[in-house]
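For reference, data-v5.cif is printed below; it contains mmCIF, C-alpha atoms.
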data_start
#
loop_
_atom_site.label_atom_id
_atom_site.label_comp_id
_atom_site.auth_asym_id
_atom_site.auth_seq_id
_atom_site.Cartn_x
_atom_site.Cartn_y
_atom_site.Cartn_z
CA MET A 1 -157.44 -22.60 1.26
CA GLU A 2 -156.94 -21.72 -2.39
CA SER A 3 -154.93 -18.54 -2.84
CA LYS A 4 -156.87 -17.81 -6.04
CA GLU A 5 -160.13 -17.79 -4.06
CA ILE A 6 -158.64 -15.55 -1.38
CA ALA A 7 -157.31 -13.19 -4.05
CA GLN A 8 -160.83 -12.89 -5.50
CA ILE A 9 -162.30 -12.23 -2.06
CA LYS A 10 -159.67 -9.54 -1.47
CA LYS A 11 -160.51 -7.95 -4.81
CA ASP A 12 -164.23 -7.99 -3.91
CA LEU A 13 -163.55 -6.44 -0.50
CA ILE A 14 -161.49 -3.64 -2.04
CA GLN A 15 -164.24 -2.99 -4.59
CA TRP A 16 -166.80 -2.81 -1.77
CA LEU A 17 -164.67 -0.19 -0.01
CA ASP A 18 -164.38 1.86 -3.19
CA ASP A 19 -168.13 1.66 -3.81
CA PHE A 20 -168.86 2.61 -0.20
CA SER A 21 -166.65 5.70 -0.42
CA VAL A 22 -168.22 6.90 -3.66
CA THR A 23 -171.78 6.30 -2.41
CA SER A 24 -171.08 8.07 0.88
CA ASN A 25 -169.62 11.13 -0.79
CA GLU A 26 -172.41 11.36 -3.37
CA SER A 27 -175.11 11.06 -0.70
CA ILE A 28 -173.59 13.75 1.48
CA ILE A 29 -173.18 16.17 -1.42
CA LYS A 30 -176.69 15.51 -2.75
CA TYR A 31 -178.51 16.16 0.51
CA THR A 32 -176.33 19.08 1.56
CA GLU A 33 -177.06 20.81 -1.75
CA SER A 34 -180.79 20.13 -1.50
CA LEU A 35 -180.88 21.64 2.00
CA GLU A 36 -178.98 24.72 0.85
CA THR A 37 -181.08 25.39 -2.26
CA SER A 38 -184.57 24.72 -0.91
CA ALA A 39 -186.46 27.78 0.35
CA ASP A 40 -189.67 25.91 1.15
CA PRO A 41 -189.75 24.71 4.81
CA VAL A 42 -191.59 21.50 3.86
CA ASP A 43 -188.99 20.67 1.19
CA ARG A 44 -186.20 21.42 3.67
CA ALA A 45 -187.81 19.17 6.29
CA SER A 46 -188.22 16.40 3.75
CA ALA A 47 -184.60 16.75 2.62
CA GLN A 48 -183.44 16.75 6.24
CA SER A 49 -185.42 13.58 6.92
CA GLU A 50 -183.90 11.89 3.87
CA MET A 51 -180.43 13.02 4.90
CA ASP A 52 -180.93 11.63 8.44
CA TYR A 53 -181.99 8.29 6.98
CA THR A 54 -178.97 8.27 4.64
CA PHE A 55 -176.55 9.10 7.45
CA ASN A 56 -178.00 6.33 9.62
CA ARG A 57 -177.58 3.89 6.74
CA LEU A 58 -174.02 5.08 6.16
CA CYS A 59 -173.22 4.72 9.86
CA ARG A 60 -174.41 1.12 9.81
CA ALA A 61 -172.35 0.55 6.67
CA GLY A 62 -169.43 2.19 8.44
CA LEU A 63 -169.50 -0.61 10.98
CA ASN A 64 -169.25 -3.05 8.10
CA LYS A 65 -166.40 -0.97 6.68
CA GLU A 66 -164.35 -1.67 9.80
CA ASN A 67 -165.03 -5.40 9.41
CA VAL A 68 -163.93 -5.23 5.77
CA LEU A 69 -160.72 -3.40 6.71
CA ASN A 70 -160.09 -6.01 9.40
CA ALA A 71 -160.59 -8.82 6.85
CA LEU A 72 -158.13 -7.14 4.46
CA ARG A 73 -155.54 -6.88 7.26
CA LYS A 74 -156.02 -10.57 8.01
CA ILE A 75 -155.56 -11.48 4.35
CA ASP A 76 -152.31 -9.54 4.32
CA ASP A 77 -150.97 -11.09 7.54
CA GLY A 78 -152.09 -14.63 6.63
CA SER A 79 -154.66 -15.10 9.39
CA TYR A 80 -157.73 -14.69 7.15
CA GLY A 81 -160.26 -17.48 7.29
CA ILE A 82 -159.38 -18.59 10.81
CA CYS A 83 -162.17 -18.48 13.40
CA GLU A 84 -161.36 -15.97 16.15
CA GLU A 85 -163.04 -18.21 18.72
CA CYS A 86 -162.00 -21.83 18.05
CA GLU A 87 -159.11 -21.05 15.66
CA GLU A 88 -160.38 -23.59 13.13
CA GLU A 89 -160.48 -22.81 9.41
CA ILE A 90 -163.67 -21.11 8.24
CA PRO A 91 -165.08 -22.92 5.17
CA ILE A 92 -164.44 -21.08 1.90
CA LYS A 93 -168.19 -21.21 1.09
CA ARG A 94 -168.87 -19.14 4.21
CA LEU A 95 -166.12 -16.67 3.34
CA LYS A 96 -167.48 -16.27 -0.17
CA ALA A 97 -170.94 -15.55 1.25
CA ILE A 98 -169.70 -13.37 4.12
CA PRO A 99 -166.18 -12.20 3.24
CA ASP A 100 -165.73 -10.37 6.53
CA ALA A 101 -166.79 -13.37 8.66
CA ARG A 102 -164.76 -13.59 11.85
CA TYR A 103 -166.20 -16.84 13.17
CA CYS A 104 -167.05 -20.29 11.84
CA ILE A 105 -170.73 -21.19 11.65
CA THR A 106 -170.64 -23.21 14.88
CA CYS A 107 -169.03 -20.46 16.95
CA GLN A 108 -171.24 -17.77 15.39
CA ALA A 109 -174.36 -19.81 16.25
CA GLU A 110 -173.15 -20.32 19.84
CA MET A 111 -172.50 -16.60 20.24
CA GLU A 112 -175.94 -15.70 18.88
CA LYS A 113 -177.54 -18.31 21.12
CA ALA A 114 -175.82 -16.82 24.18
CA ILE A 115 -177.11 -13.34 23.33
CA ALA A 116 -180.73 -14.48 22.83
#
Please render this file's structure as C-alpha cells.
Amino acid sequence: MESKEIAQIKKDLIQWLDDFSVTSNESIIKYTESLETSADPVDRASAQSEMDYTFNRLCRAGLNKENVLNALRKIDDGSYGICEECEEEIPIKRLKAIPDARYCITCQAEMEKAIA
C-alpha cells in the first residue's frame, strides 16, 4: 500500500475528528442557550426537541469517532488496511471510500449476511 495514500487518509481522518469536535461543541452551546433564553413553553419544547435530535445524531457520530480513532491507531502501529477477519489486505479503493473500514468487502458481506 502506498504510504502517500495512507498519509492522506490519516490527514482526512484527523480533519474529520477536528470537524466533529467543533460541530459537537457548537451544537451543544447553541441549544443550551436557546433553552435558557426562551420564556415561551412552545419555543422551549421546540428547542428541546431539536436538542434531542442533535444529541442522538452526535451519539451516532460518536460511534464513528471510535472507529476513526481505532483506524488512526492502526495507521500508527502499521496494521491499517488489514482485514480483522481474514487478515488479507483491504483494497485502497475501499479504504479511500470508508477510511475506518475494519473488514474487506468479502468478510463485511459475509458478516452482514449472517446478521440478516
Please provide the set of residues having any atom within 12 Å of Ile14 (chain A), restricted to only C-alpha atoms, with same-chain residues fewer than 5 positions apart removed, written as a list in words.
->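 In the requested form, the answer reads Ala7, Gln8, Ile9, Asp19, Phe20, Ser21, Lys65, Val68, Leu69, Asn70, Ala71, Leu72, Arg73, Ile75, Pro99 and Asp100 of chain A.
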Interatomic distance between CA of Ile105 (chain A) and CA of Ile90 (chain A)?
->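 A separation of 7.8 Å between them.
CA of Glu66 (chain A) is found 20.9 Å from CA of Glu87 (chain A).
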Exercise: Glu85 (chain A) partners within 10 Å, all atoms listed in the file, chain neighbours under 5 positions left out, as a PyMOL selection string = chain A and resi 102-104+106-108+111
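Between CA of Cys86 (chain A) and CA of Lys11 (chain A) the separation is 26.8 Å.
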Using all atoms listed in the file, find the one residue out of A:Leu13, A:Lys74, A:Ser49, A:Glu2 that sits nearest to Ile98 (chain A).
->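 Residue with the minimum atom-to-atom distance to Ile98 (chain A): A:Leu13.
Shortest atom-to-atom contact with Asp12 (chain A) among A:Ile82, A:Leu95, A:Ala116, A:Ala47: A:Leu95, counting all atoms listed in the file.
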